[in-house]
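Novice: Please read through the structure below; I'll follow up with questions.
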Amino acid sequence: MARETITIECTEARKEGKSPSRYTTSRNKKLQTEKLAVNKYNPALRRHTLHKEIK
C-alpha cells in the first residue's frame, strides 16, 4: 500500500507549557516524500497552530 497513517503534533503548545494536541491522518508516501505540516485547531491554546508530522 502507498498510504501510511501518520501523527501530527502541535509545535507551539510545549513552548507555552500546555499539553500538545495530536491528530492522526494518512498520506501517500510515494507522492508526498516530505513531512506534512498543517494548521489545525489546538483546544488547549484555543486557536489554530502549526502541526508537524512526528514519528
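Residues are referred to by chain and number: the chain letter is A, B, ... according to the order shown in the C-alpha cells, the number counts from 1 in that chain, and ligands are numbered separately from 1 in the order shown.
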DSSP says strand (DSSP E or B) for which residues of chain A? Put them as a list in words?
Specialist: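 DSSP-assigned strand (DSSP E or B) residues in chain A: Arg3, Glu4, Thr5, Ile6, Thr7, Ile8, Glu9, Cys10, Arg22, Tyr23, Thr24, Thr25, Ser26, Arg27, Asn28, Ala37, Val38, Asn39, Lys40, Tyr41, Asn42, Arg47, His48, Thr49, Leu50, His51, Lys52, Glu53 and Ile54 of chain A.
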Novice: What's around A:Ile8 at 7 Å? Count only C-alpha atoms, leave out sequence neighbours fewer than 6 positions away in its own chain, and write the answer as a list in words.
Specialist: Arg22, Tyr23, Thr24, His51, Lys52, Glu53 and Ile54 of chain A
Novice: Near A:Pro20, within 8 Å and counting only C-alpha atoms, which residues show up once chain neighbours fewer than 5 positions away are dropped, as a CSV table (one decimal) with N, CA and C atoms, in the first residue's frame?
Specialist:
chain,number,residue,atom,x,y,z
A,9,GLU,N,1.6,16.7,15.4
A,9,GLU,CA,1.5,17.3,16.7
A,9,GLU,C,1.8,18.8,16.7
A,10,CYS,N,1.2,19.5,17.6
A,10,CYS,CA,1.3,20.9,17.7
A,10,CYS,C,2.7,21.3,18.1
A,11,THR,N,3.2,22.4,17.4
A,11,THR,CA,4.6,22.8,17.6
A,11,THR,C,4.7,23.9,18.7
A,12,GLU,N,3.6,24.6,19.0
A,12,GLU,CA,3.6,25.8,19.9
A,12,GLU,C,3.2,25.5,21.3
A,13,ALA,N,2.5,24.4,21.6
A,13,ALA,CA,2.0,24.1,22.9
A,13,ALA,C,3.1,23.8,24.0
A,14,ARG,N,4.1,23.1,23.6
A,14,ARG,CA,5.2,22.8,24.5
A,14,ARG,C,6.0,24.0,25.0
A,42,ASN,N,-5.9,23.8,18.1
A,42,ASN,CA,-5.4,23.2,19.4
A,42,ASN,C,-6.4,23.7,20.5
A,44,ALA,N,-6.3,23.3,23.7
A,44,ALA,CA,-5.7,23.8,25.0
A,44,ALA,C,-5.3,25.2,24.8
Novice: Which polymer residues have any atom within 7 Å of an atom of A:Thr5, counting only C-alpha atoms, with same-chain residues fewer than 5 positions away left out, as an NGL selection string?
Specialist: :A and (24-27)
Novice: Rounded to one decimal in Å, what is the spacing between atom CA of A:Ser21 and atom CA of A:Tyr41?
Specialist: 8.3 Å
Novice: Using Å and a single decimal, report how far atom CA of A:Glu4 sits from atom CA of A:Leu36.
Specialist: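 Between atom CA of A:Leu36 and atom CA of A:Glu4 the gap works out to 12.2 Å.
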Novice: Record the distance separating atom CA of A:Thr33 and atom CA of A:His48, expressed in Å with one decimal.
Specialist: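 Taking atom CA of A:Thr33 and atom CA of A:His48, their separation equals 24.8 Å.
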